[in-house]
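Written below as structure tokens is the structure these notes are about.
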Amino acid sequence: MATEAPRMNPEGRVIPAGTTMRFVLLVTLMLASSSSMLVLALTAAGLNRGSECLKAAGVATSQAPSTEVLHSAAYQACTAEHWQLPEWLAPAVPVSLLVLACGLFFVIPLWKNRRSRVVPLKAVDHEGLILRQLEQLVQVAGLRRMPRFVVDPSAASTGATVFGRNRRPTVCLHGGLLTRRTSTPEDFEAVLLHELAHIRNGDITLTYATVALWRTFIAAVLVPYAVGFSILIFNANNSKSHFYDISAPAWRALVLPLLMTAVVYLARSDVLRSRELHADLTAARWGASLRIWGAVAPAQAVPAPVRALRSFLELWRTHPQWEIRREVLAGSTSLFEVPALLMFLTGAAAMLVNGQLWQFGVADGIDVTSWPRNLVMSLAPAALVAGVAGIAVWRSAVHRLLTARRRLSGAWAGLWLGVGMTVGELFENRIAINRWLPGEPVMLALVLFAGLAFAWWAAQCSQLWATVWRGRTLHPPMLLVALGACFALCAWFWWWQDYGVILANTPGLLTNVLGGAERLPTDPAGEYTAAIAVAVNTGGLLSTTVAVPLALPAVAGLWLTPLLAWTVRPLALGPGLPSTLGTDESAVPAKPLPRLRRALLAGLLGGVLCWVGVASLKAHMHAWQPPPSLRGIGVGMLFQYWVCVAVLAGVVVAAAATTLLVGQYRLLAALVAGHTAVLVGCGGAWVLTASDGCIQAISTFTDTCDWRPVAIWQAFHFLLGILLILATIVGFASAAITAVARSAFSRRTRLAVRPPKKELRGVLPRRLVVGALCAGAIGPPGAILFLPYPQPSARVAAAYPIPTMHPRFAAGEAAGQADAWYSLGGQKLLGRYYTLSEQLRALGTEAQQSVDGDALIRSRLPRICVEFGKAARDANAYFPIPDPRMQSIWWTFTTMGAASSRDCLAGLDQNDNSLVATGIRELSQAAEAQKSIIEWYQASKERRF
């Protein structure tokens, strides 16, 4: 009988520490937030008012300006008068931040190494005793080169620091530490081993790069941001408005970047705190005395609220508390858990990166349908999440297997990832434009579910592949899982940036599935209007998913990635025995896979139920004679709708049955069963429909027996893509419901997991089955992607026009346009007219009290009339009011102002008092128009979100 070999030490560096990916996350957060925050700061300081000129011209936020608007004299004059930030500024900010941080990175070691602060070690170690002891410690640490040692005599603390770079490290010994070298040598060695662990772990460069980035972020981003919004608040207090009258968009622009700064600070603290804990572990593994970490008395038991407060405060610390460090040394379990903060920061950073790339593309006028743009915009955040959150989930899953602890579910980690993605999206100004919440808040749930699904799937795939992989290292399966998760997230981000953002800005779009039923021409009698409306609207929303080129390949990857694990040859182990560790095998205990047969049988059962449902539908429609008004496109839409319902019902049965039959990896088994049911069910529906007329009892559209595979494929291949995506959603939902139910009734429903029997005897049959499933998973999606879609007829296209903007969103858009029109020139024009009116009124009063009023009027009135004419000409050169209802009033204001000036001057020249009186009456009409314009602007401010 083979003896059990020693397991790999999970506290070592076998499992990656993840510090590098934390640093990448920090850099991503800083670069993504720096661009938006600096642009907001300059805008708040009034240096980007020219960007509002298009709003003043009546151009909507999501609307491309016409050539006529861009070349109009009003727009040219507006951009010439008001400063506008160049388009290259936003992408140049992150580059400038990196350049400044790199410069500071090289300056910090020089500053720390200045002669006025530190001295060389030989200056205090004349006999070389300390140097020999340090050389021994360097050998224990396994360093290839001796680092440079200096001493800070003025530092009374008993610690040390290491600075510089990984290839040129410098260890600074504090004066207080040297005094304890002879009295407590074990403490001296423990401190030095901790600092040498930083060098061995290679985190010196990351540490001081983090410090340099943070200080550069403060100087180049936070300080200008504070100055810009101080100017905004100062201007609000020194104008006629009040501090509390600052608009909601301005408050949003003020508050959200402050929260973003807190997120960046948390990421910085997490990087620095994590490196300290890993250095503690490394030093302890080298034999450092644990007494130094126990020098502080253990904390006494405290109430739960106090403990929660301490945990929250711990998130903001760059060095962990002694209690946390002792817990990690006692057992590194907590260090290999998935931190909620890390998942939150990763989600926020991913959405910020996607949003910034999206803003750059919109600002530069890049084609929104181009493959390269969409791929770059979606791949960057997906790779970030897969690299940071995916690796964290993998580490935790493998560590739990090594320590024989409860398996990682990934739900809690995924929830925090989804919350971070939601918060990060709200930071961006694309789904909640100048508002606090999007027009369709339900869309935020999709962001939350995306993060939850990612972590859940990654956790189960990590556990599955870690138990079956027998290679030297776990890096190949880790890379496979990360690539599969990255591919799926890339497709999701692609859909979100192209369609999700639009849907989130359309209130009521998801809740009103019956909308537009009155426009359906297929059922004038209204008998089947509701069913057709649901089919059309639901299909329209779901069609956005298959419009993403990566959607179907990503969905296939979600169930093929775990399915490939059944092709790995298992070890010949008895039930419950650990794996025999050799040079070519990992240290994770080998465990038998769940039976693939159960998932396949459930999928085949669901597919057969789909056949029965489609055959029953055809039999019903054979006996049902639709009215003449519903024949043609109407009956075809109803047939497609009910076929999809039948296939989806079979998928639900297959996924639910699988989650009840298998004891582990329910999510992965549900995905396999659901997609198997779709392929089998749609294949049967295609055969039955293509041979319509051959079996008279279920003939639906024709009585003539014929084989029409191409025509039926063209009619159904679009729905096949939607069903494949729905099968994925059903798989996640079924596994979630079963997991919640089993957790709630675990004591009553706990089932013993039986070891596999025949399935482990040969791997060839399983490989053949997996190969067939792979062919089925890749073939239909490939055909859907490369075969052209049938174009709709003109009648169908006219029946479903593009929906108009929701009234609530339109009101907010109109308020922003009114504010831009008023602030960029409208207020000045109306103010000039009001000042001239007051001068004219004062002239009349003074003329009545004067002895020679006619002479006074003739001497002053010409200048006032000339100024009225200038004001009218300037008003004509400015933008019209961006509200169609106010166009006639604006026309009255400009034309009456010009006519009054003309008649006034002509009457004075001709000595015609009646003509002068006519001009005065025209001024009164312009005054009424002015009053209406001011009332319109005040009403638009009240409608602001």
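By order in the structure tokens, chains are A, B, ...; within a chain, residues start at 1; ligands start at 1, following the order shown.
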
Proximity of region 271-374 of chain A to region 202-210 of chain A: per-residue shortest pair, 8 Å limit, only C-alpha atoms, as JSON lines:
{"residue": "A:Val271", "atom": "CA", "partner": "A:Thr207", "partner_atom": "CA", "distance": 7.8}
{"residue": "A:Leu272", "atom": "CA", "partner": "A:Thr207", "partner_atom": "CA", "distance": 6.6}
{"residue": "A:Arg275", "atom": "CA", "partner": "A:Asp203", "partner_atom": "CA", "distance": 7.0}

Could you turn the residues from that selection into a file that holds all heavy atoms, as a PDB file, in the first residue's frame?
ATOM      1  N   VAL A 271      -2.963  47.295  -1.089  1.00  0.00           N
ATOM      2  CA  VAL A 271      -1.684  46.853  -1.642  1.00  0.00           C
ATOM      3  C   VAL A 271      -0.609  46.839  -0.559  1.00  0.00           C
ATOM      4  O   VAL A 271       0.124  45.854  -0.389  1.00  0.00           O
ATOM      5  CB  VAL A 271      -1.265  47.766  -2.814  1.00  0.00           C
ATOM      6  CG1 VAL A 271       0.152  47.451  -3.253  1.00  0.00           C
ATOM      7  CG2 VAL A 271      -2.219  47.589  -3.988  1.00  0.00           C
ATOM      8  N   LEU A 272      -0.499  47.934   0.192  1.00  0.00           N
ATOM      9  CA  LEU A 272       0.555  48.035   1.206  1.00  0.00           C
ATOM     10  C   LEU A 272       0.313  47.074   2.367  1.00  0.00           C
ATOM     11  O   LEU A 272       1.259  46.504   2.920  1.00  0.00           O
ATOM     12  CB  LEU A 272       0.635  49.479   1.710  1.00  0.00           C
ATOM     13  CG  LEU A 272       0.977  50.527   0.644  1.00  0.00           C
ATOM     14  CD1 LEU A 272       0.995  51.927   1.249  1.00  0.00           C
ATOM     15  CD2 LEU A 272       2.314  50.214  -0.015  1.00  0.00           C
ATOM     16  N   ARG A 275       1.191  43.273   1.348  1.00  0.00           N
ATOM     17  CA  ARG A 275       2.611  42.942   1.276  1.00  0.00           C
ATOM     18  C   ARG A 275       3.195  42.689   2.660  1.00  0.00           C
ATOM     19  O   ARG A 275       4.099  41.847   2.817  1.00  0.00           O
ATOM     20  CB  ARG A 275       3.371  44.061   0.572  1.00  0.00           C
ATOM     21  CG  ARG A 275       3.386  45.369   1.322  1.00  0.00           C
ATOM     22  CD  ARG A 275       4.106  46.458   0.558  1.00  0.00           C
ATOM     23  NE  ARG A 275       5.530  46.333   0.626  1.00  0.00           N
ATOM     24  CZ  ARG A 275       6.291  46.861   1.589  1.00  0.00           C
ATOM     25  NH1 ARG A 275       5.715  47.520   2.587  1.00  0.00           N
ATOM     26  NH2 ARG A 275       7.597  46.715   1.570  1.00  0.00           N
TER      27      ARG A 275
END

* To do: Name all residues at most 9 Å from Phe188 (chain A) (count only C-alpha atoms; drop same-chain ones fewer than 5 positions away) and give them as a ChimeraX atom specification.
  => /A:158-159,177-178,180-182,193

* Residues near Ala775 (chain A), cut-off 12 Å, only C-alpha atoms, skip fewer than 6 positions along chain, as JSON, numbers by chain -> {"A": [556, 560, 676, 679, 768, 769, 781, 782, 783]}

* Measure the distance from CA of Ile722 (chain A) to CA of Glu428 (chain A) in Å and round it to one decimal. => 29.7 Å

* Who sits within 12 Å of Gln696 (chain A), only C-alpha atoms, same chain under 6 positions skipped, as a list of chain:residue names ->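 Listing them by chain and then by number gives A:Ala615, A:Lys618, A:Ala619, A:Met621, A:His622, A:Ala623, A:Leu688, A:Thr702, A:Asp703, A:Thr704, A:Cys705.
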
* What's the 7 Å shell around region 728-737 of chain A, counting only C-alpha atoms, without same-chain residues fewer than 4 positions away, as a PyMOL selection string? -> chain A and resi 652+655-656+659+666-667+670-671+674+724+741

Write out, as a short mmCIF file (atom, residue, chain, number, x, y, z; two decimals), in the first residue's frame, the residues just selected, with N, CA and C atoms.
data_model
loop_
_atom_site.label_atom_id
_atom_site.label_comp_id
_atom_site.auth_asym_id
_atom_site.auth_seq_id
_atom_site.Cartn_x
_atom_site.Cartn_y
_atom_site.Cartn_z
N VAL A 652 -35.65 24.21 -18.80
CA VAL A 652 -35.91 24.38 -17.35
C VAL A 652 -35.97 23.02 -16.67
N ALA A 655 -32.33 21.51 -16.56
CA ALA A 655 -31.46 22.17 -15.59
C ALA A 655 -31.89 21.87 -14.16
N ALA A 656 -33.19 21.93 -13.90
CA ALA A 656 -33.68 21.67 -12.55
C ALA A 656 -33.40 20.22 -12.14
N THR A 659 -29.62 19.78 -11.26
CA THR A 659 -29.21 20.34 -9.97
C THR A 659 -29.69 19.49 -8.80
N ARG A 666 -23.14 21.95 -9.19
CA ARG A 666 -24.50 22.01 -9.75
C ARG A 666 -24.60 23.04 -10.87
N LEU A 667 -23.93 24.16 -10.71
CA LEU A 667 -23.99 25.19 -11.75
C LEU A 667 -23.42 24.67 -13.07
N ALA A 670 -25.69 22.09 -14.55
CA ALA A 670 -26.91 22.68 -15.08
C ALA A 670 -26.65 23.34 -16.43
N LEU A 671 -25.48 23.96 -16.60
CA LEU A 671 -25.14 24.56 -17.89
C LEU A 671 -24.99 23.49 -18.96
N GLY A 674 -28.58 22.11 -19.68
CA GLY A 674 -29.42 23.08 -20.36
C GLY A 674 -29.05 23.25 -21.82
N LEU A 724 -29.92 29.78 -26.76
CA LEU A 724 -28.65 29.40 -26.14
C LEU A 724 -28.30 30.34 -24.99
N ALA A 741 -32.40 26.36 -1.71
CA ALA A 741 -33.31 25.39 -1.11
C ALA A 741 -32.55 24.34 -0.30
#

* Asked: Can you list, as a list in words, every protein, DNA or RNA residue that comes within 8 Å of Gly613 (chain A) when you count only C-alpha atoms, leaving out same-chain residues fewer than 4 positions away?
  ->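 My reading of the contact set: Leu609, Leu617, Val643, Ala646 and Val647 of chain A.
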
* Asked: Could you pull the residues within 6 Å of Trp316 (chain A), counting only C-alpha atoms, minus those fewer than 3 positions along the same chain, as a list in words?
  ->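 Once the nearby chain positions are removed, what remains is Leu266, Ser269 and Leu313 of chain A.
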